[in-house]
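Enquirer: Below: one structure in structure tokens.
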Amino acid sequence: MFAVLEDGIACFQQYFYQPSRTNEKLFLEAEEWINSNDDDVFSFNNVCETLGLSPSGLRKGLE
């Protein structure tokens with residue numbers, strides 16, 4: 001689950017450092033995943049909570 005979180009954050013941040021169409025698509029997908037309130041197994045909320053992290057705190061930090 002840590003790898004899923006790490007990849008999502010990397011995709012989210014990569015667009016700001018290297019803007020491109022590919023990175024923009026990955027950014028938008030990551031942004032949607034981070035801001036979703038789903039309770040699926042690999043949802044942002046579930047991944048964070050399983051790893052002992054605050055989803056809202058991490059969202060705030062990514063802003």
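Following the order of the structure tokens, chains are lettered A, B, ..., residues in each are numbered from 1, and ligands are numbered from 1.
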Enumerate, in order of chain and increasing residue number, the residues of region 15-39 of chain A with an atom no farther than 9 Å from region 44-52 of chain A, each with its shortest atom pair and distance in Å to one decimal, counting only C-alpha atoms, as CSV.
Expert:
```
residue,atom,partner,partner_atom,distance
A:Trp33,CA,A:Phe44,CA,6.3
A:Ile34,CA,A:Phe44,CA,5.5
A:Asn35,CA,A:Phe44,CA,7.9
A:Ser36,CA,A:Phe44,CA,7.2
A:Asn37,CA,A:Asn45,CA,6.8
A:Asp38,CA,A:Asn45,CA,7.2
A:Asp39,CA,A:Asn46,CA,6.2
```
Enquirer: How would the residues just chosen look if you wrote them out with C-alpha atoms as an mmCIF file, in the first residue's frame?
Expert:
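Produced file part.cif, reproduced below:
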```cif
data_model
loop_
_atom_site.group_PDB
_atom_site.id
_atom_site.type_symbol
_atom_site.label_atom_id
_atom_site.label_comp_id
_atom_site.auth_asym_id
_atom_site.auth_seq_id
_atom_site.Cartn_x
_atom_site.Cartn_y
_atom_site.Cartn_z
ATOM 1 C CA TRP A 33 -7.790 9.711 -6.475
ATOM 2 C CA ILE A 34 -6.434 11.954 -3.694
ATOM 3 C CA ASN A 35 -9.650 14.004 -3.471
ATOM 4 C CA SER A 36 -12.048 11.070 -3.666
ATOM 5 C CA ASN A 37 -13.919 9.857 -0.621
ATOM 6 C CA ASP A 38 -14.200 6.247 -1.763
ATOM 7 C CA ASP A 39 -13.798 3.374 0.672
#
```
Enquirer: Quick one: residues within 9 Å of region 11-24 of chain A, only C-alpha atoms counted, chain neighbours fewer than 6 positions away excluded, as JSON, numbers by chain?
Expert: {"A": [30, 31, 34, 62]}
Enquirer: Write to file, as a compact mmCIF listing (two decimals), in the first residue's frame, the residues of the selection just made, with C-alpha atoms.
Expert:
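Saved result, out.txt, follows:
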```txt
# COMPACT_ATOMS: atom_id res chain seq x y z
CA ALA A 30 -3.86 11.30 -9.10
CA GLU A 31 -5.72 14.47 -8.09
CA ILE A 34 -6.43 11.95 -3.69
CA LEU A 62 -0.18 18.28 -0.81
```
Enquirer: Write down as a PyMOL selection string the residues of chain A whose backbone DSSP state falls under alpha helix (DSSP H).
Expert: chain A and resi 2-17+21-35+44-50+55-62
Enquirer: With N, CA and C atoms kept, could you save the residues just selected as a CSV table (one decimal), in the first residue's frame?
Expert:
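Final output, part13.csv:
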```csv
chain,number,residue,atom,x,y,z
A,2,PHE,N,2.0,1.2,0.6
A,2,PHE,CA,2.9,2.3,0.6
A,2,PHE,C,3.3,2.6,-0.8
A,3,ALA,N,3.6,1.6,-1.7
A,3,ALA,CA,4.0,1.9,-3.1
A,3,ALA,C,2.8,2.6,-3.8
A,4,VAL,N,1.6,2.2,-3.5
A,4,VAL,CA,0.5,2.8,-4.2
A,4,VAL,C,0.4,4.3,-3.8
A,5,LEU,N,0.6,4.6,-2.5
A,5,LEU,CA,0.6,6.0,-2.1
A,5,LEU,C,1.7,6.8,-2.6
A,6,GLU,N,2.9,6.2,-2.6
A,6,GLU,CA,4.1,6.8,-3.2
A,6,GLU,C,3.9,7.1,-4.7
A,7,ASP,N,3.4,6.2,-5.4
A,7,ASP,CA,3.2,6.4,-6.8
A,7,ASP,C,2.1,7.5,-7.1
A,8,GLY,N,1.1,7.5,-6.3
A,8,GLY,CA,0.0,8.5,-6.5
A,8,GLY,C,0.6,9.9,-6.2
A,9,ILE,N,1.3,10.1,-5.2
A,9,ILE,CA,1.9,11.4,-4.8
A,9,ILE,C,2.9,11.8,-5.9
A,10,ALA,N,3.7,10.8,-6.3
A,10,ALA,CA,4.7,11.2,-7.4
A,10,ALA,C,4.0,11.6,-8.7
A,11,CYS,N,3.0,11.0,-9.1
A,11,CYS,CA,2.2,11.4,-10.3
A,11,CYS,C,1.6,12.8,-10.1
A,12,PHE,N,1.2,13.1,-8.9
A,12,PHE,CA,0.6,14.3,-8.5
A,12,PHE,C,1.6,15.4,-8.6
A,13,GLN,N,2.8,15.2,-8.1
A,13,GLN,CA,3.8,16.2,-8.0
A,13,GLN,C,4.6,16.4,-9.3
A,14,GLN,N,4.8,15.3,-10.0
A,14,GLN,CA,5.6,15.3,-11.2
A,14,GLN,C,5.2,16.4,-12.2
A,15,TYR,N,3.9,16.6,-12.4
A,15,TYR,CA,3.4,17.6,-13.4
A,15,TYR,C,4.0,19.0,-13.1
A,16,PHE,N,4.1,19.3,-11.8
A,16,PHE,CA,4.6,20.7,-11.5
A,16,PHE,C,6.1,20.8,-11.9
A,17,TYR,N,6.9,19.7,-11.8
A,17,TYR,CA,8.3,19.8,-12.1
A,17,TYR,C,8.6,19.6,-13.6
A,21,ARG,N,1.9,16.6,-21.6
A,21,ARG,CA,0.6,16.1,-21.7
A,21,ARG,C,0.4,14.8,-20.9
A,22,THR,N,1.5,14.0,-20.9
A,22,THR,CA,1.4,12.7,-20.2
A,22,THR,C,1.4,13.0,-18.7
A,23,ASN,N,2.2,13.9,-18.2
A,23,ASN,CA,2.2,14.2,-16.8
A,23,ASN,C,0.9,14.9,-16.4
A,24,GLU,N,0.3,15.6,-17.3
A,24,GLU,CA,-0.9,16.3,-16.9
A,24,GLU,C,-2.0,15.2,-16.7
A,25,LYS,N,-2.1,14.2,-17.6
A,25,LYS,CA,-3.0,13.1,-17.5
A,25,LYS,C,-2.9,12.4,-16.2
A,26,LEU,N,-1.6,12.1,-15.8
A,26,LEU,CA,-1.3,11.4,-14.6
A,26,LEU,C,-1.6,12.2,-13.4
A,27,PHE,N,-1.4,13.5,-13.5
A,27,PHE,CA,-1.7,14.5,-12.4
A,27,PHE,C,-3.2,14.5,-12.2
A,28,LEU,N,-4.0,14.6,-13.2
A,28,LEU,CA,-5.4,14.7,-13.1
A,28,LEU,C,-6.0,13.4,-12.5
A,29,GLU,N,-5.5,12.3,-12.9
A,29,GLU,CA,-5.9,11.0,-12.3
A,29,GLU,C,-5.5,10.9,-10.8
A,30,ALA,N,-4.3,11.3,-10.5
A,30,ALA,CA,-3.9,11.3,-9.1
A,30,ALA,C,-4.7,12.3,-8.3
A,31,GLU,N,-4.9,13.5,-8.8
A,31,GLU,CA,-5.7,14.5,-8.1
A,31,GLU,C,-7.1,13.9,-7.8
A,32,GLU,N,-7.7,13.3,-8.7
A,32,GLU,CA,-9.0,12.7,-8.5
A,32,GLU,C,-9.0,11.6,-7.4
A,33,TRP,N,-8.0,10.8,-7.5
A,33,TRP,CA,-7.8,9.7,-6.5
A,33,TRP,C,-7.6,10.3,-5.1
A,34,ILE,N,-6.7,11.3,-5.0
A,34,ILE,CA,-6.4,12.0,-3.7
A,34,ILE,C,-7.7,12.6,-3.1
A,35,ASN,N,-8.5,13.3,-4.0
A,35,ASN,CA,-9.6,14.0,-3.5
A,35,ASN,C,-10.9,13.2,-3.3
A,44,PHE,N,-7.6,6.4,-1.6
A,44,PHE,CA,-6.6,7.2,-0.9
A,44,PHE,C,-6.9,7.1,0.6
A,45,ASN,N,-8.2,7.2,1.0
A,45,ASN,CA,-8.5,7.2,2.5
A,45,ASN,C,-8.1,5.9,3.1
A,46,ASN,N,-8.4,4.8,2.5
A,46,ASN,CA,-8.0,3.5,3.0
A,46,ASN,C,-6.5,3.3,3.1
A,47,VAL,N,-5.8,3.6,2.0
A,47,VAL,CA,-4.4,3.5,2.0
A,47,VAL,C,-3.7,4.3,3.1
A,48,CYS,N,-4.1,5.5,3.3
A,48,CYS,CA,-3.6,6.4,4.3
A,48,CYS,C,-3.9,5.8,5.7
A,49,GLU,N,-5.1,5.4,6.0
A,49,GLU,CA,-5.5,4.9,7.3
A,49,GLU,C,-4.8,3.6,7.6
A,50,THR,N,-4.6,2.7,6.6
A,50,THR,CA,-3.9,1.5,6.8
A,50,THR,C,-2.4,1.8,7.2
A,55,PRO,N,-5.6,11.0,6.2
A,55,PRO,CA,-5.9,11.4,4.8
A,55,PRO,C,-6.1,12.9,4.7
A,56,SER,N,-6.8,13.5,5.6
A,56,SER,CA,-7.0,15.0,5.5
A,56,SER,C,-5.8,15.7,5.7
A,57,GLY,N,-4.9,15.3,6.6
A,57,GLY,CA,-3.6,16.0,6.8
A,57,GLY,C,-2.7,15.9,5.6
A,58,LEU,N,-2.7,14.7,5.0
A,58,LEU,CA,-1.9,14.5,3.8
A,58,LEU,C,-2.4,15.3,2.7
A,59,ARG,N,-3.7,15.4,2.5
A,59,ARG,CA,-4.3,16.2,1.5
A,59,ARG,C,-3.9,17.7,1.7
A,60,LYS,N,-4.0,18.2,2.9
A,60,LYS,CA,-3.6,19.5,3.2
A,60,LYS,C,-2.2,19.8,2.9
A,61,GLY,N,-1.3,18.8,3.2
A,61,GLY,CA,0.1,19.0,2.9
A,61,GLY,C,0.4,19.0,1.4
A,62,LEU,N,-0.4,18.3,0.6
A,62,LEU,CA,-0.2,18.3,-0.8
A,62,LEU,C,-0.7,19.5,-1.5
```
